[in-house]
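File shown: run_37.cif (mmCIF, N, CA and C atoms).
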```cif
data_data
loop_
_atom_site.label_atom_id
_atom_site.label_comp_id
_atom_site.auth_asym_id
_atom_site.auth_seq_id
_atom_site.Cartn_x
_atom_site.Cartn_y
_atom_site.Cartn_z
N MET J 1 24.33 -5.68 -6.98
CA MET J 1 23.63 -5.96 -8.21
C MET J 1 24.35 -5.28 -9.38
N SER J 2 24.10 -5.78 -10.53
CA SER J 2 24.77 -5.26 -11.72
C SER J 2 24.16 -3.93 -12.15
N LEU J 3 24.84 -3.25 -13.03
CA LEU J 3 24.38 -1.97 -13.55
C LEU J 3 23.07 -2.13 -14.32
N ILE J 4 22.91 -3.24 -15.02
CA ILE J 4 21.70 -3.49 -15.79
C ILE J 4 20.50 -3.60 -14.86
N VAL J 5 20.63 -4.37 -13.79
CA VAL J 5 19.52 -4.55 -12.84
C VAL J 5 19.14 -3.21 -12.20
N LYS J 6 20.14 -2.44 -11.81
CA LYS J 6 19.86 -1.14 -11.19
C LYS J 6 19.19 -0.18 -12.16
N THR J 7 19.64 -0.19 -13.41
CA THR J 7 19.05 0.71 -14.41
C THR J 7 17.60 0.33 -14.71
N ILE J 8 17.34 -0.95 -14.90
CA ILE J 8 15.97 -1.40 -15.18
C ILE J 8 15.08 -1.14 -13.98
N THR J 9 15.60 -1.34 -12.78
CA THR J 9 14.82 -1.07 -11.58
C THR J 9 14.46 0.40 -11.48
N ARG J 10 15.42 1.27 -11.77
CA ARG J 10 15.13 2.71 -11.76
C ARG J 10 14.02 3.06 -12.74
N LEU J 11 14.00 2.38 -13.88
CA LEU J 11 12.99 2.67 -14.90
C LEU J 11 11.61 2.15 -14.53
N ILE J 12 11.54 0.97 -13.91
CA ILE J 12 10.22 0.36 -13.71
C ILE J 12 9.63 0.54 -12.32
N VAL J 13 10.42 0.93 -11.32
CA VAL J 13 9.88 1.00 -9.96
C VAL J 13 8.77 2.05 -9.87
N GLY J 14 8.91 3.15 -10.55
CA GLY J 14 7.86 4.17 -10.55
C GLY J 14 6.59 3.68 -11.25
N LEU J 15 6.76 2.92 -12.33
CA LEU J 15 5.61 2.38 -13.05
C LEU J 15 4.87 1.34 -12.20
N VAL J 16 5.62 0.53 -11.49
CA VAL J 16 5.00 -0.48 -10.61
C VAL J 16 4.23 0.21 -9.50
N LEU J 17 4.82 1.25 -8.91
CA LEU J 17 4.14 2.01 -7.86
C LEU J 17 2.87 2.68 -8.41
N LEU J 18 2.96 3.27 -9.57
CA LEU J 18 1.81 3.91 -10.19
C LEU J 18 0.71 2.89 -10.51
N PHE J 19 1.10 1.71 -10.98
CA PHE J 19 0.12 0.66 -11.27
C PHE J 19 -0.57 0.20 -9.99
N GLY J 20 0.18 0.08 -8.89
CA GLY J 20 -0.42 -0.29 -7.61
C GLY J 20 -1.43 0.74 -7.14
N ILE J 21 -1.09 2.01 -7.30
CA ILE J 21 -2.02 3.08 -6.91
C ILE J 21 -3.27 3.03 -7.79
N TYR J 22 -3.08 2.76 -9.08
CA TYR J 22 -4.21 2.64 -10.00
C TYR J 22 -5.14 1.50 -9.57
N ILE J 23 -4.57 0.37 -9.21
CA ILE J 23 -5.37 -0.79 -8.78
C ILE J 23 -6.15 -0.45 -7.51
N VAL J 24 -5.52 0.26 -6.58
CA VAL J 24 -6.21 0.66 -5.35
C VAL J 24 -7.38 1.59 -5.67
N LEU J 25 -7.15 2.58 -6.51
CA LEU J 25 -8.18 3.58 -6.78
C LEU J 25 -9.31 3.08 -7.67
N HIS J 26 -9.04 2.08 -8.49
CA HIS J 26 -10.08 1.58 -9.40
C HIS J 26 -10.59 0.21 -8.99
N GLY J 27 -10.38 -0.19 -7.76
CA GLY J 27 -10.80 -1.51 -7.30
C GLY J 27 -12.30 -1.70 -7.25
N HIS J 28 -13.05 -0.64 -7.15
CA HIS J 28 -14.51 -0.77 -7.11
C HIS J 28 -15.10 -0.81 -8.52
N LEU J 29 -14.29 -0.52 -9.53
CA LEU J 29 -14.77 -0.54 -10.91
C LEU J 29 -14.29 -1.77 -11.68
N SER J 30 -13.17 -2.31 -11.31
CA SER J 30 -12.57 -3.45 -12.01
C SER J 30 -11.95 -4.37 -10.97
N PRO J 31 -11.50 -5.56 -11.39
CA PRO J 31 -10.86 -6.43 -10.43
C PRO J 31 -9.65 -5.75 -9.78
N GLY J 32 -9.55 -5.90 -8.52
CA GLY J 32 -8.47 -5.26 -7.77
C GLY J 32 -9.00 -4.74 -6.46
N GLY J 33 -8.39 -3.72 -5.95
CA GLY J 33 -8.84 -3.13 -4.70
C GLY J 33 -7.67 -2.86 -3.79
N GLY J 34 -7.99 -2.69 -2.52
CA GLY J 34 -6.99 -2.31 -1.55
C GLY J 34 -5.92 -3.35 -1.32
N PHE J 35 -6.31 -4.61 -1.19
CA PHE J 35 -5.32 -5.64 -0.88
C PHE J 35 -4.38 -5.87 -2.06
N SER J 36 -4.93 -6.12 -3.22
CA SER J 36 -4.06 -6.41 -4.37
C SER J 36 -3.24 -5.19 -4.76
N GLY J 37 -3.81 -4.01 -4.70
CA GLY J 37 -3.05 -2.80 -4.99
C GLY J 37 -1.95 -2.57 -3.96
N GLY J 38 -2.26 -2.86 -2.69
CA GLY J 38 -1.26 -2.72 -1.63
C GLY J 38 -0.09 -3.67 -1.82
N VAL J 39 -0.38 -4.88 -2.30
CA VAL J 39 0.69 -5.85 -2.57
C VAL J 39 1.59 -5.32 -3.69
N ILE J 40 1.00 -4.72 -4.71
CA ILE J 40 1.80 -4.19 -5.82
C ILE J 40 2.63 -2.99 -5.36
N VAL J 41 2.06 -2.15 -4.51
CA VAL J 41 2.81 -1.01 -3.96
C VAL J 41 3.99 -1.52 -3.14
N ALA J 42 3.75 -2.53 -2.31
CA ALA J 42 4.84 -3.12 -1.52
C ALA J 42 5.90 -3.72 -2.43
N LEU J 43 5.47 -4.31 -3.54
CA LEU J 43 6.41 -4.89 -4.49
C LEU J 43 7.37 -3.84 -5.04
N SER J 44 6.90 -2.63 -5.24
CA SER J 44 7.81 -1.59 -5.75
C SER J 44 8.92 -1.29 -4.76
N PHE J 45 8.60 -1.25 -3.47
CA PHE J 45 9.62 -1.01 -2.46
C PHE J 45 10.54 -2.22 -2.29
N VAL J 46 9.98 -3.41 -2.38
CA VAL J 46 10.79 -4.63 -2.28
C VAL J 46 11.75 -4.72 -3.46
N LEU J 47 11.26 -4.38 -4.64
CA LEU J 47 12.11 -4.38 -5.82
C LEU J 47 13.27 -3.41 -5.67
N MET J 48 12.98 -2.23 -5.13
CA MET J 48 14.02 -1.25 -4.90
C MET J 48 15.04 -1.77 -3.88
N MET J 49 14.56 -2.45 -2.84
CA MET J 49 15.45 -2.98 -1.82
C MET J 49 16.32 -4.10 -2.39
N LEU J 50 15.76 -4.93 -3.23
CA LEU J 50 16.54 -6.03 -3.81
C LEU J 50 17.62 -5.51 -4.75
N ALA J 51 17.31 -4.44 -5.49
CA ALA J 51 18.27 -3.94 -6.47
C ALA J 51 19.33 -3.04 -5.83
N PHE J 52 18.93 -2.19 -4.90
CA PHE J 52 19.85 -1.18 -4.37
C PHE J 52 20.30 -1.44 -2.94
N GLY J 53 19.65 -2.34 -2.26
CA GLY J 53 20.03 -2.63 -0.88
C GLY J 53 19.08 -2.00 0.13
N GLU J 54 19.26 -2.44 1.35
CA GLU J 54 18.38 -2.01 2.44
C GLU J 54 18.47 -0.52 2.71
N ASP J 55 19.65 0.04 2.62
CA ASP J 55 19.85 1.44 2.97
C ASP J 55 19.06 2.39 2.07
N VAL J 56 19.03 2.11 0.78
CA VAL J 56 18.32 2.98 -0.16
C VAL J 56 16.81 2.89 0.07
N ALA J 57 16.30 1.68 0.28
CA ALA J 57 14.86 1.51 0.50
C ALA J 57 14.42 2.16 1.81
N VAL J 58 15.22 2.02 2.85
CA VAL J 58 14.88 2.64 4.14
C VAL J 58 14.99 4.16 4.04
N ALA J 59 15.88 4.66 3.18
CA ALA J 59 15.98 6.11 2.99
C ALA J 59 14.72 6.66 2.33
N LYS J 60 14.10 5.87 1.45
CA LYS J 60 12.86 6.30 0.79
C LYS J 60 11.70 6.31 1.76
N ILE J 61 11.62 5.30 2.61
CA ILE J 61 10.54 5.22 3.60
C ILE J 61 11.14 4.64 4.88
N SER J 62 11.29 5.47 5.88
CA SER J 62 11.94 5.05 7.12
C SER J 62 11.04 4.12 7.93
N ARG J 63 11.62 3.49 8.91
CA ARG J 63 10.84 2.57 9.76
C ARG J 63 9.75 3.31 10.52
N ASN J 64 10.06 4.51 11.02
CA ASN J 64 9.05 5.27 11.76
C ASN J 64 7.91 5.71 10.85
N LEU J 65 8.24 6.15 9.64
CA LEU J 65 7.20 6.55 8.68
C LEU J 65 6.35 5.36 8.29
N ALA J 66 6.97 4.20 8.10
CA ALA J 66 6.23 2.99 7.75
C ALA J 66 5.27 2.61 8.88
N SER J 67 5.74 2.68 10.10
CA SER J 67 4.89 2.36 11.25
C SER J 67 3.72 3.34 11.36
N ASN J 68 4.02 4.62 11.17
CA ASN J 68 2.95 5.63 11.25
C ASN J 68 1.93 5.46 10.13
N LEU J 69 2.39 5.19 8.91
CA LEU J 69 1.47 5.01 7.79
C LEU J 69 0.59 3.77 7.97
N GLU J 70 1.17 2.70 8.49
CA GLU J 70 0.38 1.49 8.73
C GLU J 70 -0.70 1.76 9.78
N SER J 71 -0.36 2.50 10.81
CA SER J 71 -1.34 2.86 11.83
C SER J 71 -2.42 3.77 11.27
N ILE J 72 -2.02 4.71 10.41
CA ILE J 72 -2.99 5.62 9.78
C ILE J 72 -3.95 4.83 8.91
N GLY J 73 -3.46 3.84 8.16
CA GLY J 73 -4.33 3.00 7.34
C GLY J 73 -5.36 2.25 8.17
N ALA J 74 -4.91 1.68 9.29
CA ALA J 74 -5.84 0.95 10.16
C ALA J 74 -6.85 1.89 10.81
N LEU J 75 -6.39 3.04 11.28
CA LEU J 75 -7.31 4.00 11.91
C LEU J 75 -8.30 4.58 10.91
N MET J 76 -7.83 4.80 9.67
CA MET J 76 -8.72 5.30 8.63
C MET J 76 -9.83 4.29 8.32
N PHE J 77 -9.48 3.01 8.26
CA PHE J 77 -10.47 1.96 8.02
C PHE J 77 -11.48 1.90 9.17
N LEU J 78 -10.98 1.98 10.39
CA LEU J 78 -11.87 1.97 11.55
C LEU J 78 -12.77 3.21 11.57
N PHE J 79 -12.22 4.36 11.21
CA PHE J 79 -12.99 5.60 11.15
C PHE J 79 -14.13 5.51 10.13
N ILE J 80 -13.86 4.89 8.98
CA ILE J 80 -14.91 4.71 7.96
C ILE J 80 -16.01 3.82 8.50
N ALA J 81 -15.63 2.76 9.22
CA ALA J 81 -16.63 1.86 9.80
C ALA J 81 -17.47 2.57 10.85
N ILE J 82 -16.84 3.36 11.70
CA ILE J 82 -17.56 4.06 12.76
C ILE J 82 -18.45 5.14 12.18
N LEU J 83 -18.00 5.83 11.13
CA LEU J 83 -18.87 6.82 10.48
C LEU J 83 -20.15 6.17 9.97
N GLY J 84 -20.02 5.00 9.39
CA GLY J 84 -21.21 4.27 8.95
C GLY J 84 -22.08 3.88 10.12
N PHE J 85 -21.45 3.48 11.22
CA PHE J 85 -22.21 3.10 12.42
C PHE J 85 -23.01 4.28 12.95
N LEU J 86 -22.41 5.46 12.92
CA LEU J 86 -23.14 6.65 13.36
C LEU J 86 -24.29 6.97 12.42
N GLY J 87 -24.18 6.54 11.17
CA GLY J 87 -25.27 6.73 10.21
C GLY J 87 -26.37 5.70 10.33
N GLY J 88 -26.17 4.66 11.12
CA GLY J 88 -27.22 3.68 11.33
C GLY J 88 -26.78 2.24 11.32
N SER J 89 -25.68 1.93 10.69
CA SER J 89 -25.23 0.55 10.60
C SER J 89 -23.71 0.54 10.40
N PHE J 90 -23.04 -0.49 10.92
CA PHE J 90 -21.59 -0.60 10.78
C PHE J 90 -21.24 -0.67 9.31
N PHE J 91 -20.30 0.14 8.84
CA PHE J 91 -19.87 0.25 7.45
C PHE J 91 -20.98 0.72 6.50
N LEU J 92 -21.96 1.41 7.02
CA LEU J 92 -23.01 1.95 6.15
C LEU J 92 -22.40 2.99 5.21
N ASN J 93 -22.81 2.95 3.96
CA ASN J 93 -22.31 3.91 2.97
C ASN J 93 -23.02 5.24 3.19
N ILE J 94 -22.31 6.19 3.76
CA ILE J 94 -22.92 7.48 4.07
C ILE J 94 -22.63 8.53 3.01
N LEU J 95 -21.79 8.19 2.03
CA LEU J 95 -21.47 9.13 0.96
C LEU J 95 -22.34 8.88 -0.26
N SER J 96 -22.46 9.88 -1.10
CA SER J 96 -23.21 9.76 -2.35
C SER J 96 -22.54 8.74 -3.25
N THR J 97 -23.34 7.93 -3.92
CA THR J 97 -22.78 6.91 -4.80
C THR J 97 -22.47 7.44 -6.19
N GLY J 98 -23.00 8.55 -6.60
CA GLY J 98 -22.63 9.16 -7.88
C GLY J 98 -23.07 8.37 -9.08
N THR J 99 -22.40 8.58 -10.20
CA THR J 99 -22.72 7.93 -11.47
C THR J 99 -21.98 6.60 -11.57
N PRO J 100 -22.69 5.52 -11.95
CA PRO J 100 -22.02 4.23 -12.08
C PRO J 100 -20.85 4.28 -13.08
N PHE J 101 -19.81 3.53 -12.79
CA PHE J 101 -18.61 3.38 -13.59
C PHE J 101 -17.75 4.63 -13.67
N LYS J 102 -17.94 5.55 -12.76
CA LYS J 102 -17.06 6.70 -12.62
C LYS J 102 -16.19 6.48 -11.38
N LEU J 103 -15.07 7.19 -11.29
CA LEU J 103 -14.12 6.95 -10.20
C LEU J 103 -14.75 7.14 -8.83
N PHE J 104 -15.54 8.19 -8.64
CA PHE J 104 -16.16 8.44 -7.34
C PHE J 104 -17.61 7.98 -7.34
N SER J 105 -17.84 6.73 -7.71
CA SER J 105 -19.21 6.22 -7.81
C SER J 105 -19.54 5.17 -6.75
N ALA J 106 -18.66 4.93 -5.81
CA ALA J 106 -18.89 3.82 -4.88
C ALA J 106 -19.00 4.26 -3.43
N GLY J 107 -19.12 5.54 -3.18
CA GLY J 107 -19.26 6.00 -1.81
C GLY J 107 -18.02 5.73 -0.99
N THR J 108 -18.19 5.02 0.12
CA THR J 108 -17.07 4.77 1.03
C THR J 108 -16.17 3.61 0.62
N ILE J 109 -16.53 2.88 -0.42
CA ILE J 109 -15.71 1.74 -0.84
C ILE J 109 -14.33 2.21 -1.29
N ILE J 110 -14.27 3.31 -2.02
CA ILE J 110 -12.96 3.80 -2.47
C ILE J 110 -12.09 4.22 -1.28
N LEU J 111 -12.71 4.79 -0.26
CA LEU J 111 -11.95 5.16 0.94
C LEU J 111 -11.45 3.92 1.68
N SER J 112 -12.28 2.89 1.72
CA SER J 112 -11.87 1.62 2.33
C SER J 112 -10.72 1.00 1.55
N ASN J 113 -10.79 1.05 0.20
CA ASN J 113 -9.71 0.52 -0.62
C ASN J 113 -8.40 1.27 -0.37
N ILE J 114 -8.48 2.59 -0.24
CA ILE J 114 -7.27 3.37 0.01
C ILE J 114 -6.67 3.02 1.36
N SER J 115 -7.51 2.92 2.39
CA SER J 115 -6.98 2.59 3.72
C SER J 115 -6.40 1.18 3.77
N ILE J 116 -7.04 0.23 3.12
CA ILE J 116 -6.52 -1.13 3.09
C ILE J 116 -5.23 -1.18 2.26
N GLY J 117 -5.19 -0.42 1.16
CA GLY J 117 -3.98 -0.37 0.34
C GLY J 117 -2.79 0.16 1.11
N ILE J 118 -3.01 1.20 1.91
CA ILE J 118 -1.93 1.74 2.74
C ILE J 118 -1.49 0.71 3.76
N LYS J 119 -2.44 0.10 4.44
CA LYS J 119 -2.14 -0.87 5.50
C LYS J 119 -1.38 -2.08 4.94
N VAL J 120 -1.87 -2.63 3.84
CA VAL J 120 -1.25 -3.83 3.27
C VAL J 120 0.11 -3.50 2.65
N GLY J 121 0.18 -2.41 1.89
CA GLY J 121 1.43 -2.05 1.23
C GLY J 121 2.56 -1.81 2.21
N ILE J 122 2.30 -1.00 3.21
CA ILE J 122 3.34 -0.70 4.20
C ILE J 122 3.60 -1.92 5.09
N GLY J 123 2.55 -2.66 5.41
CA GLY J 123 2.72 -3.84 6.25
C GLY J 123 3.59 -4.91 5.60
N LEU J 124 3.36 -5.18 4.33
CA LEU J 124 4.18 -6.18 3.64
C LEU J 124 5.62 -5.70 3.46
N PHE J 125 5.79 -4.42 3.21
CA PHE J 125 7.15 -3.88 3.12
C PHE J 125 7.86 -4.00 4.46
N ALA J 126 7.14 -3.72 5.55
CA ALA J 126 7.74 -3.83 6.89
C ALA J 126 8.10 -5.28 7.22
N ILE J 127 7.27 -6.22 6.80
CA ILE J 127 7.58 -7.64 7.02
C ILE J 127 8.84 -8.03 6.25
N PHE J 128 8.90 -7.61 4.99
CA PHE J 128 10.09 -7.92 4.18
C PHE J 128 11.33 -7.28 4.78
N LEU J 129 11.20 -6.04 5.22
CA LEU J 129 12.33 -5.34 5.84
C LEU J 129 12.78 -6.06 7.12
N ALA J 130 11.83 -6.51 7.92
CA ALA J 130 12.18 -7.24 9.14
C ALA J 130 12.89 -8.55 8.81
N LEU J 131 12.46 -9.24 7.77
CA LEU J 131 13.13 -10.48 7.38
C LEU J 131 14.54 -10.22 6.88
N VAL J 132 14.73 -9.12 6.16
CA VAL J 132 16.08 -8.77 5.69
C VAL J 132 16.98 -8.46 6.87
N ILE J 133 16.48 -7.70 7.83
CA ILE J 133 17.28 -7.35 9.01
C ILE J 133 17.59 -8.59 9.83
N LEU J 134 16.61 -9.49 9.97
CA LEU J 134 16.83 -10.73 10.71
C LEU J 134 17.91 -11.57 10.05
N GLU J 135 17.84 -11.69 8.74
CA GLU J 135 18.85 -12.47 8.02
C GLU J 135 20.23 -11.82 8.13
N LYS J 136 20.26 -10.51 8.10
CA LYS J 136 21.53 -9.78 8.22
C LYS J 136 22.17 -10.03 9.58
N THR J 137 21.36 -10.01 10.65
CA THR J 137 21.90 -10.24 11.99
C THR J 137 22.34 -11.70 12.16
N LYS J 138 21.65 -12.62 11.50
CA LYS J 138 22.06 -14.03 11.58
C LYS J 138 23.43 -14.23 10.92
N ARG J 139 23.65 -13.53 9.80
CA ARG J 139 24.93 -13.66 9.11
C ARG J 139 26.07 -13.05 9.91
N GLU J 140 25.79 -12.00 10.65
CA GLU J 140 26.82 -11.33 11.44
C GLU J 140 27.28 -12.16 12.63
N ARG J 141 26.47 -13.06 13.08
CA ARG J 141 26.85 -13.91 14.22
C ARG J 141 27.79 -14.92 13.82
#
```
Show me the file's structure as structure tokens.
Amino acid sequence: MSLIVKTITRLIVGLVLLFGIYIVLHGHLSPGGGFSGGVIVALSFVLMMLAFGEDVAVAKISRNLASNLESIGALMFLFIAILGFLGGSFFLNILSTGTPFKLFSAGTIILSNISIGIKVGIGLFAIFLALVILEKTKRER
């Protein structure tokens, strides 16, 4: 890639990642949530991979770390569901709901958004990484 693409990517990749985290954390207050925020987080890693190559993106988040984070996201979501089940019903909100329109006002919804954001963000990045590796091996043949 050209110097311009790499420079612009360096400038905006952090902002894209920050925006994705914002969407995940404020999904219970505004449109967004775990899935859409996770897609934006994955986009930041995909953008980095497109501009700098596979090696730089994998150096930022290795395959083992990606696999572990995706598993942690799924287990965290399951743990939230089971905690609610122990409280009386599957996915029951067992946390205080707080003041409406404040960041911690939705009980377990924000925790569910975070776990889904981790799962989707890392999962989509892993899919993109697998497609890049598959295409690379096809070209080598």
Of the listed residues J:Thr108, J:Ser44, J:Ser30, J:Asn64, that which approaches J:Ile12 most closely, counting all atoms listed in the file: J:Ser44
Residues returned when the PyMOL selection byres (((chain J and resi 119 and name CA) around 12) and name CA) runs on this file, as a PyMOL selection string: chain J and resi 24+34-39+41-42+66-78+112-118+120-127
Pull N, CA and C atoms from the residues just selected and write them as a JSON list (two decimals), in the frame of the given file.
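Resulting contents of part-v2.json:
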```json
[["chain", "number", "residue", "atom", "x", "y", "z"],
["J", 24, "VAL", "N", -5.52, 0.26, -6.58],
["J", 24, "VAL", "CA", -6.21, 0.66, -5.35],
["J", 24, "VAL", "C", -7.38, 1.59, -5.67],
["J", 34, "GLY", "N", -7.99, -2.69, -2.52],
["J", 34, "GLY", "CA", -6.99, -2.31, -1.55],
["J", 34, "GLY", "C", -5.92, -3.35, -1.32],
["J", 35, "PHE", "N", -6.31, -4.61, -1.19],
["J", 35, "PHE", "CA", -5.32, -5.64, -0.88],
["J", 35, "PHE", "C", -4.38, -5.87, -2.06],
["J", 36, "SER", "N", -4.93, -6.12, -3.22],
["J", 36, "SER", "CA", -4.06, -6.41, -4.37],
["J", 36, "SER", "C", -3.24, -5.19, -4.76],
["J", 37, "GLY", "N", -3.81, -4.01, -4.70],
["J", 37, "GLY", "CA", -3.05, -2.80, -4.99],
["J", 37, "GLY", "C", -1.95, -2.57, -3.96],
["J", 38, "GLY", "N", -2.26, -2.86, -2.69],
["J", 38, "GLY", "CA", -1.26, -2.72, -1.63],
["J", 38, "GLY", "C", -0.09, -3.67, -1.82],
["J", 39, "VAL", "N", -0.38, -4.88, -2.30],
["J", 39, "VAL", "CA", 0.69, -5.85, -2.57],
["J", 39, "VAL", "C", 1.59, -5.32, -3.69],
["J", 41, "VAL", "N", 2.06, -2.15, -4.51],
["J", 41, "VAL", "CA", 2.81, -1.01, -3.96],
["J", 41, "VAL", "C", 3.99, -1.52, -3.14],
["J", 42, "ALA", "N", 3.75, -2.53, -2.31],
["J", 42, "ALA", "CA", 4.84, -3.12, -1.52],
["J", 42, "ALA", "C", 5.90, -3.72, -2.43],
["J", 66, "ALA", "N", 6.97, 4.20, 8.10],
["J", 66, "ALA", "CA", 6.23, 2.99, 7.75],
["J", 66, "ALA", "C", 5.27, 2.61, 8.88],
["J", 67, "SER", "N", 5.74, 2.68, 10.10],
["J", 67, "SER", "CA", 4.89, 2.36, 11.25],
["J", 67, "SER", "C", 3.72, 3.34, 11.36],
["J", 68, "ASN", "N", 4.02, 4.62, 11.17],
["J", 68, "ASN", "CA", 2.95, 5.63, 11.25],
["J", 68, "ASN", "C", 1.93, 5.46, 10.13],
["J", 69, "LEU", "N", 2.39, 5.19, 8.91],
["J", 69, "LEU", "CA", 1.47, 5.01, 7.79],
["J", 69, "LEU", "C", 0.59, 3.77, 7.97],
["J", 70, "GLU", "N", 1.17, 2.70, 8.49],
["J", 70, "GLU", "CA", 0.38, 1.49, 8.73],
["J", 70, "GLU", "C", -0.70, 1.76, 9.78],
["J", 71, "SER", "N", -0.36, 2.50, 10.81],
["J", 71, "SER", "CA", -1.34, 2.86, 11.83],
["J", 71, "SER", "C", -2.42, 3.77, 11.27],
["J", 72, "ILE", "N", -2.02, 4.71, 10.41],
["J", 72, "ILE", "CA", -2.99, 5.62, 9.78],
["J", 72, "ILE", "C", -3.95, 4.83, 8.91],
["J", 73, "GLY", "N", -3.46, 3.84, 8.16],
["J", 73, "GLY", "CA", -4.33, 3.00, 7.34],
["J", 73, "GLY", "C", -5.36, 2.25, 8.17],
["J", 74, "ALA", "N", -4.91, 1.68, 9.29],
["J", 74, "ALA", "CA", -5.84, 0.95, 10.16],
["J", 74, "ALA", "C", -6.85, 1.89, 10.81],
["J", 75, "LEU", "N", -6.39, 3.04, 11.28],
["J", 75, "LEU", "CA", -7.31, 4.00, 11.91],
["J", 75, "LEU", "C", -8.30, 4.58, 10.91],
["J", 76, "MET", "N", -7.83, 4.80, 9.67],
["J", 76, "MET", "CA", -8.72, 5.30, 8.63],
["J", 76, "MET", "C", -9.83, 4.29, 8.32],
["J", 77, "PHE", "N", -9.48, 3.01, 8.26],
["J", 77, "PHE", "CA", -10.47, 1.96, 8.02],
["J", 77, "PHE", "C", -11.48, 1.90, 9.17],
["J", 78, "LEU", "N", -10.98, 1.98, 10.39],
["J", 78, "LEU", "CA", -11.87, 1.97, 11.55],
["J", 78, "LEU", "C", -12.77, 3.21, 11.57],
["J", 112, "SER", "N", -12.28, 2.89, 1.72],
["J", 112, "SER", "CA", -11.87, 1.62, 2.33],
["J", 112, "SER", "C", -10.72, 1.00, 1.55],
["J", 113, "ASN", "N", -10.79, 1.05, 0.20],
["J", 113, "ASN", "CA", -9.71, 0.52, -0.62],
["J", 113, "ASN", "C", -8.40, 1.27, -0.37],
["J", 114, "ILE", "N", -8.48, 2.59, -0.24],
["J", 114, "ILE", "CA", -7.27, 3.37, 0.01],
["J", 114, "ILE", "C", -6.67, 3.02, 1.36],
["J", 115, "SER", "N", -7.51, 2.92, 2.39],
["J", 115, "SER", "CA", -6.98, 2.59, 3.72],
["J", 115, "SER", "C", -6.40, 1.18, 3.77],
["J", 116, "ILE", "N", -7.04, 0.23, 3.12],
["J", 116, "ILE", "CA", -6.52, -1.13, 3.09],
["J", 116, "ILE", "C", -5.23, -1.18, 2.26],
["J", 117, "GLY", "N", -5.19, -0.42, 1.16],
["J", 117, "GLY", "CA", -3.98, -0.37, 0.34],
["J", 117, "GLY", "C", -2.79, 0.16, 1.11],
["J", 118, "ILE", "N", -3.01, 1.20, 1.91],
["J", 118, "ILE", "CA", -1.93, 1.74, 2.74],
["J", 118, "ILE", "C", -1.49, 0.71, 3.76],
["J", 120, "VAL", "N", -1.87, -2.63, 3.84],
["J", 120, "VAL", "CA", -1.25, -3.83, 3.27],
["J", 120, "VAL", "C", 0.11, -3.50, 2.65],
["J", 121, "GLY", "N", 0.18, -2.41, 1.89],
["J", 121, "GLY", "CA", 1.43, -2.05, 1.23],
["J", 121, "GLY", "C", 2.56, -1.81, 2.21],
["J", 122, "ILE", "N", 2.30, -1.00, 3.21],
["J", 122, "ILE", "CA", 3.34, -0.70, 4.20],
["J", 122, "ILE", "C", 3.60, -1.92, 5.09],
["J", 123, "GLY", "N", 2.55, -2.66, 5.41],
["J", 123, "GLY", "CA", 2.72, -3.84, 6.25],
["J", 123, "GLY", "C", 3.59, -4.91, 5.60],
["J", 124, "LEU", "N", 3.36, -5.18, 4.33],
["J", 124, "LEU", "CA", 4.18, -6.18, 3.64],
["J", 124, "LEU", "C", 5.62, -5.70, 3.46],
["J", 125, "PHE", "N", 5.79, -4.42, 3.21],
["J", 125, "PHE", "CA", 7.15, -3.88, 3.12],
["J", 125, "PHE", "C", 7.86, -4.00, 4.46],
["J", 126, "ALA", "N", 7.14, -3.72, 5.55],
["J", 126, "ALA", "CA", 7.74, -3.83, 6.89],
["J", 126, "ALA", "C", 8.10, -5.28, 7.22],
["J", 127, "ILE", "N", 7.27, -6.22, 6.80],
["J", 127, "ILE", "CA", 7.58, -7.64, 7.02],
["J", 127, "ILE", "C", 8.84, -8.03, 6.25]]
```
Length of the atom N of J:Thr97 to atom N of J:Leu111 vector [Å]: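 Going from atom N of J:Thr97 over to atom N of J:Leu111, I get 11.7 Å.
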Return as JSON the centre and edge lengths, in Å with one decimal, of the box along x, y and z that encloses every atom of stretch 51-69 of chain J in the file, padded by 5 Å per side.
```
{"center_x": 10.4, "center_y": 1.1, "center_z": 2.6, "size_x": 29.7, "size_y": 21.1, "size_z": 28.2}
```
Separation of atom CA of J:Leu95 from atom CA of J:Ile82 in Å: 13.4 Å
Sorted per-residue table, stretch 20-135 of chain J near stretch 3-9 of chain J, closest atoms and distance, 7 Å, only C-alpha atoms, as CSV:
```
residue,atom,partner,partner_atom,distance
J:Met48,CA,J:Thr9,CA,6.7
J:Ala51,CA,J:Lys6,CA,5.7
J:Phe52,CA,J:Lys6,CA,6.8
```
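Restricting the calculation to all atoms listed in the file, the smallest distance between J:Leu47 and any of J:Leu134, J:Leu86, J:Leu25, J:Val13 is found for J:Val13.
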d(atom C of J:Gly33, atom N of J:Ala81) in Å: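 Answer for the atom C of J:Gly33 to atom N of J:Ala81 separation: 16.3 Å.
Minimum distance to J:Gly53 across J:Ile94, J:Ser105, J:Leu129, J:Thr137 (counting only C-alpha atoms) occurs at J:Leu129.
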